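First the structure, in the form of structure tokens, and then the observations on it.
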Amino acid sequence: MSETRDLLIEIGTEELPPKALSNLSEAFSSGICRGLEQQGIEYAIAEPFATPRRLAVIIKGVAIVQPDRSLEKRGPALAAAFDKDGQPTKAAQGFARSCGVSVQELEQLETDKGSWLIHRSSQAGQATATLIPEIIEAALAALPIPKRMRWGNLPYEFVRPVHWVVILFGHQEIEAKILGIRSGRMTRGHRFHHPEPIELAQPNDYIKLLEDKGYVFPVFSLRQEKVRLLVEEAADLIDGQAVIDPALLNEVTSLVEYPVAVTGCFDEKFLEVPAEALIAAMKGHQKYFHVLDQNGKLLPRFITISNIASTQPHLVQAGNERVLRPRLADAAFFWQQDRAKSLENRLEQLKTVVFQNALGTLYDKSKRVAELTGLIAKQLGEDELQGIRAAQLAKCDLMTNMVGEFPELQGIMGEYYARHDGELESVAIALREHYMPRFWGDALPATHLGQALSIADKLDTLIGIFGIGQPPTGDKDPFGLRRAALSVLRIMTECQLLLNLKGLLDTAQASYPSGIIAPQSSEQVFDFMLERLRGYYQDQGIPYDSIDAVLACRPSNPFDIAQRIHGVQAFRQLSAAASLASANKRIHNILKKTEETYPAQADPTYFDHKAERLLYDQIDTVGSGLNQLLNDGNYTAALESLANLREPVDNFFDNVMVMADNVTIRTNRLALLHSLRGLFLQIADISKLQM
């Protein structure tokens, strides 16, 4: 086994963008590993490091030399390499010279496609140390940086200016010039607590020296956990419970190298403002963690993470309280001003906001959504007029100062303002719920009115954007159509709503003025949503063929689809499943290939074998009891009932030739098989099951 060493690479920078730090660190580590692999250099494991001022990685057990590589160079075909007398041609001679050997030293390669001259050689592996600079440059160039910057008069570009570079291969210092900076073995500690350089003897010293001497916790995950513990401990000291949002925790961890918790407070009078607005000000502007009391109510306290262990922490606390106060005062002012004008009186303002150039304004959208919401609300047993009212007001809070400052409060503030305006409680709740789910894993609307409004709003967007020819492509989905489609499907499925999705899409399309959107829009959106549904069930571990079997029938009710899939899953466990799936495949192929016209129903008069009569009678018996099960959505029991057809079906195919010479008998048998397949197709196309 070849000798190995540990490799440390550190790129020291000015403060990196906090929301991108984790991705940059992961991409940098992956890029270095990928470079080693492309060069055939073996290594054991990679450990990434990331702080606001550095991207680093330690690669353990890196081989010090590339393995020798076998090279093959193909030359001319034998037919062109030798003349009719067997003498080498100029092509063969030229190839040999290019390889530095004689023609006689070349070998021949025999393949199915012909024969060629070939030269085989071995190339000694290079020292890993000589390849490392090239690997680093390639990894840095491949980082996901949307917009690179320059600094000074240097020609280099990176996410932030680079100040130092460390490359250590064991005890060896690798000399290179990366982004205009000469590498060395000197890292830097905390900007304020230890700005002096710290010399590294070997990669294994990196973590210990930075933590003990440099006031830096370089391991992102450990620093993140330390931030979490500091926040929780600080909350315990004030008898509160800190709410630690994962995104905020990640961002705060990316802002500090040496975390220190600071607890502050604000004037209790601000608690008159909706808690969500105060929290948005603390989280969004100041990156503070808010604190709840034992009853879940917001306390007039906050916890922030400082990057300095101050000798005068009271001054740090006072400074944070001072900068928060005007933020909360703004929120209080917006709350007071916004309530002076009702949501209804803001409806006309929606005419000034373009939803999409080809699709009109938010006012136009609200009119369309109101019509569809009323229809859905009525189908769900709710008051149609309440659905219309909720849809008319749904976007009005976008015109308020509070939502203008904190866009993430859309819907939430709508609920508060609707209550203040004296709107019905159901309408107010629907305003908040119509944005749900806001992200994957978010809660679904809990009320029928909220569900109706959420579905209508999203279907209107889907129909409109598809209708003007702008469906999602690749990773581009500016209107969030994939998320909207899946949200509608989740609401209908998980809330067990008996709604006809295709019918609602047709209604949504009809609400657009003639000529604005393509006539096939609802069909396109329906297909798009069925594909999203396929992924939804695959993520749950449902076999793809069970999903295909149900979707092949194109049911229009997502909750009904769920019941069918569960029925097919239960059917697969039956002893008759494989035989009936095989028989359905056979029937499908027979009916697909025939060009003959056959009657809708088989006529027993033309049966000439008892197996036909037996199958016919069993189809009649099973079919008569099937309708009630289908109406009840009891597809498991329905498929169990159809499983009773196994014996007569097997008996039929064992004893009857479907494609008989007699036309009447043949078409009568085709009709019988068509009736049999039709029973299954009321639930799923089980011919698609791979049993």
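As shown in the structure tokens, the chain order sets the letters A, B, ...; within each chain, residues go from 1, and ligands are also counted from 1 in the order they appear.
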
Find the spatial neighbours of Ile665 in chain A, counting only C-alpha atoms, within a cut-off of 12 Å - ignore same-chain residues fewer than 5 positions away - and output them as a ChimeraX atom specification. /A:598-599,602-609,612,656-660,670-672

Limited to N, CA and C atoms, could you put the picked residues into a file as a PDB file, in the first residue's frame?
```pdb
ATOM      1  N   TYR A 598     -66.631  -5.245 -32.403  1.00  0.00           N
ATOM      2  CA  TYR A 598     -67.349  -6.249 -31.644  1.00  0.00           C
ATOM      3  C   TYR A 598     -68.435  -5.562 -30.816  1.00  0.00           C
ATOM      4  N   PRO A 599     -69.489  -6.299 -30.467  1.00  0.00           N
ATOM      5  CA  PRO A 599     -70.602  -5.686 -29.735  1.00  0.00           C
ATOM      6  C   PRO A 599     -70.192  -5.234 -28.328  1.00  0.00           C
ATOM      7  N   ALA A 602     -71.451  -9.338 -24.672  1.00  0.00           N
ATOM      8  CA  ALA A 602     -71.474 -10.681 -25.257  1.00  0.00           C
ATOM      9  C   ALA A 602     -72.898 -11.240 -25.216  1.00  0.00           C
ATOM     10  N   ASP A 603     -73.226 -12.043 -26.244  1.00  0.00           N
ATOM     11  CA  ASP A 603     -74.539 -12.682 -26.329  1.00  0.00           C
ATOM     12  C   ASP A 603     -74.378 -14.159 -26.016  1.00  0.00           C
ATOM     13  N   PRO A 604     -74.975 -14.657 -24.894  1.00  0.00           N
ATOM     14  CA  PRO A 604     -74.818 -16.070 -24.517  1.00  0.00           C
ATOM     15  C   PRO A 604     -75.281 -17.043 -25.596  1.00  0.00           C
ATOM     16  N   THR A 605     -76.100 -16.574 -26.511  1.00  0.00           N
ATOM     17  CA  THR A 605     -76.614 -17.443 -27.570  1.00  0.00           C
ATOM     18  C   THR A 605     -75.479 -18.027 -28.416  1.00  0.00           C
ATOM     19  N   TYR A 606     -74.396 -17.255 -28.514  1.00  0.00           N
ATOM     20  CA  TYR A 606     -73.310 -17.672 -29.406  1.00  0.00           C
ATOM     21  C   TYR A 606     -72.179 -18.397 -28.674  1.00  0.00           C
ATOM     22  N   PHE A 607     -72.347 -18.687 -27.402  1.00  0.00           N
ATOM     23  CA  PHE A 607     -71.327 -19.453 -26.693  1.00  0.00           C
ATOM     24  C   PHE A 607     -71.339 -20.891 -27.205  1.00  0.00           C
ATOM     25  N   ASP A 608     -70.151 -21.438 -27.450  1.00  0.00           N
ATOM     26  CA  ASP A 608     -70.095 -22.848 -27.857  1.00  0.00           C
ATOM     27  C   ASP A 608     -69.176 -23.664 -26.958  1.00  0.00           C
ATOM     28  N   HIS A 609     -68.832 -23.090 -25.797  1.00  0.00           N
ATOM     29  CA  HIS A 609     -68.021 -23.823 -24.829  1.00  0.00           C
ATOM     30  C   HIS A 609     -68.481 -23.403 -23.430  1.00  0.00           C
ATOM     31  N   GLU A 612     -67.019 -20.381 -21.596  1.00  0.00           N
ATOM     32  CA  GLU A 612     -67.540 -19.049 -21.903  1.00  0.00           C
ATOM     33  C   GLU A 612     -68.709 -18.705 -20.980  1.00  0.00           C
ATOM     34  N   VAL A 656     -60.507 -22.118 -24.432  1.00  0.00           N
ATOM     35  CA  VAL A 656     -61.188 -21.392 -25.508  1.00  0.00           C
ATOM     36  C   VAL A 656     -60.175 -20.673 -26.395  1.00  0.00           C
ATOM     37  N   MET A 657     -60.340 -20.801 -27.683  1.00  0.00           N
ATOM     38  CA  MET A 657     -59.553 -20.048 -28.659  1.00  0.00           C
ATOM     39  C   MET A 657     -60.331 -18.774 -28.977  1.00  0.00           C
ATOM     40  N   VAL A 658     -59.807 -17.660 -28.546  1.00  0.00           N
ATOM     41  CA  VAL A 658     -60.526 -16.403 -28.712  1.00  0.00           C
ATOM     42  C   VAL A 658     -60.729 -16.080 -30.190  1.00  0.00           C
ATOM     43  N   MET A 659     -59.656 -16.150 -30.956  1.00  0.00           N
ATOM     44  CA  MET A 659     -59.720 -15.758 -32.367  1.00  0.00           C
ATOM     45  C   MET A 659     -60.181 -16.942 -33.213  1.00  0.00           C
ATOM     46  N   ALA A 660     -61.422 -17.365 -32.989  1.00  0.00           N
ATOM     47  CA  ALA A 660     -62.013 -18.483 -33.734  1.00  0.00           C
ATOM     48  C   ALA A 660     -62.237 -18.087 -35.188  1.00  0.00           C
ATOM     49  N   LEU A 670     -64.601 -11.577 -28.091  1.00  0.00           N
ATOM     50  CA  LEU A 670     -63.932 -10.292 -27.869  1.00  0.00           C
ATOM     51  C   LEU A 670     -64.793  -9.393 -26.980  1.00  0.00           C
ATOM     52  N   ALA A 671     -66.096  -9.404 -27.199  1.00  0.00           N
ATOM     53  CA  ALA A 671     -67.008  -8.615 -26.364  1.00  0.00           C
ATOM     54  C   ALA A 671     -66.975  -9.088 -24.913  1.00  0.00           C
ATOM     55  N   LEU A 672     -66.889 -10.416 -24.729  1.00  0.00           N
ATOM     56  CA  LEU A 672     -66.817 -10.972 -23.378  1.00  0.00           C
ATOM     57  C   LEU A 672     -65.554 -10.495 -22.657  1.00  0.00           C
TER      58      LEU A 672
END
```

Contact check, range 112-138 of chain A to range 19-31 of chain A, at most 12 Å, counting only C-alpha atoms, closest pairs as CSV:
```
residue,atom,partner,partner_atom,distance
A:Ile132,CA,A:Gly31,CA,11.9
A:Glu134,CA,A:Gly31,CA,11.5
A:Ile135,CA,A:Gly31,CA,8.0
A:Ile136,CA,A:Gly31,CA,8.0
A:Glu137,CA,A:Gly31,CA,9.6
A:Ala138,CA,A:Gly31,CA,7.5
```

Using only C-alpha atoms, which residues sit within 6 Å of range 200-207 of chain A once same-chain residues fewer than 2 positions away are excluded, as a PyMOL selection string? chain A and resi 8+170-171+185+209-210

Counting only C-alpha atoms, figure out which residue out of A:Gly469, A:Gly296, A:Gly535, A:Pro246 gets nearest to Ile516 in chain A.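 Distance minimum relative to Ile516 in chain A lands on A:Gly469.
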
Considering only C-alpha atoms, state which residue in the set A:Gly94, A:Gly125, A:Gly450, A:Gly35 is at the smallest distance from Gly374 in chain A. A:Gly450

Excluding same-chain residues fewer than 6 positions from Gly422 in chain A, what lies within 12 Å of it counting only C-alpha atoms, as a list in words?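 Neighbouring residues, sequence-local ones excluded: Arg339, Ser342, Leu343, Glu344, Glu415, Tyr416 and Ala428 of chain A.
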
Arg564 in chain A: which residues within 7 Å, counting only C-alpha atoms, same-chain residues fewer than 5 positions away excluded, as a PDB file with C-alpha atoms, in the first residue's frame?
```pdb
ATOM      1  CA  VAL A 550     -54.277   3.708 -11.315  1.00  0.00           C
ATOM      2  CA  TYR A 635     -61.574  -0.353  -3.800  1.00  0.00           C
ATOM      3  CA  ILE A 683     -60.471   0.839 -10.565  1.00  0.00           C
TER       4      ILE A 683
END
```

If DSSP is run on the backbone, what residues of range 41-214 of chain A are helix (DSSP H, G or I)? A reply as a VMD selection string would be ideal. chain A and resid 78 to 81 90 to 99 103 to 105 128 to 141 203 to 212

One number please: CA of Val403 in chain A to CA of Arg322 in chain A, in Å, one decimal.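 That distance, rounded to one decimal, is 23.8 Å.
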
So what do you get for CA of Ile41 in chain A versus CA of Ile174 in chain A, distance-wise?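 Distance reported for this atom pair: 16.7 Å.
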
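Distance check against Arg572 in chain A using only C-alpha atoms: of A:Leu409, A:Cys553, A:Leu249, A:Ile542, the minimum falls on A:Ile542.
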
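Atom pair CA of Phe680 in chain A / CA of Arg490 in chain A: separated by 26.3 Å.
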
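Proximity to Gln224 in chain A was assessed for A:Ile412, A:Leu676, A:Leu347, A:Ala50 counting only C-alpha atoms; the smallest distance is recorded for A:Ala50.
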
With range 259-269 of chain A as the partner and 9 Å as the cut-off, tabulate the residues of range 283-358 of chain A that qualify, each row holding the nearest pair of atoms and their distance in Å to one decimal, using only C-alpha atoms, sorted by chain and rising number, as a tab-separated table.
```
residue	atom	partner	partner_atom	distance
A:Leu299	CA	A:Glu268	CA	8.3
A:Pro300	CA	A:Phe266	CA	5.3
A:Arg301	CA	A:Cys265	CA	4.1
A:Phe302	CA	A:Gly264	CA	5.3
A:Ile303	CA	A:Thr263	CA	4.5
A:Thr304	CA	A:Val262	CA	5.3
A:Ile305	CA	A:Ala261	CA	4.6
A:Ser306	CA	A:Val260	CA	5.1
A:Asn307	CA	A:Pro259	CA	5.2
A:Ile308	CA	A:Val260	CA	6.6
A:Ala309	CA	A:Val260	CA	6.1
A:Ser310	CA	A:Val260	CA	8.9
A:Pro313	CA	A:Val262	CA	7.6
A:His314	CA	A:Val262	CA	8.8
A:Val316	CA	A:Val262	CA	7.6
A:Gln317	CA	A:Gly264	CA	5.7
A:Ala318	CA	A:Gly264	CA	7.5
A:Asn320	CA	A:Gly264	CA	7.2
A:Glu321	CA	A:Gly264	CA	6.1
A:Leu324	CA	A:Phe266	CA	8.0
A:Arg325	CA	A:Phe266	CA	7.0
A:Leu328	CA	A:Phe266	CA	8.7
```
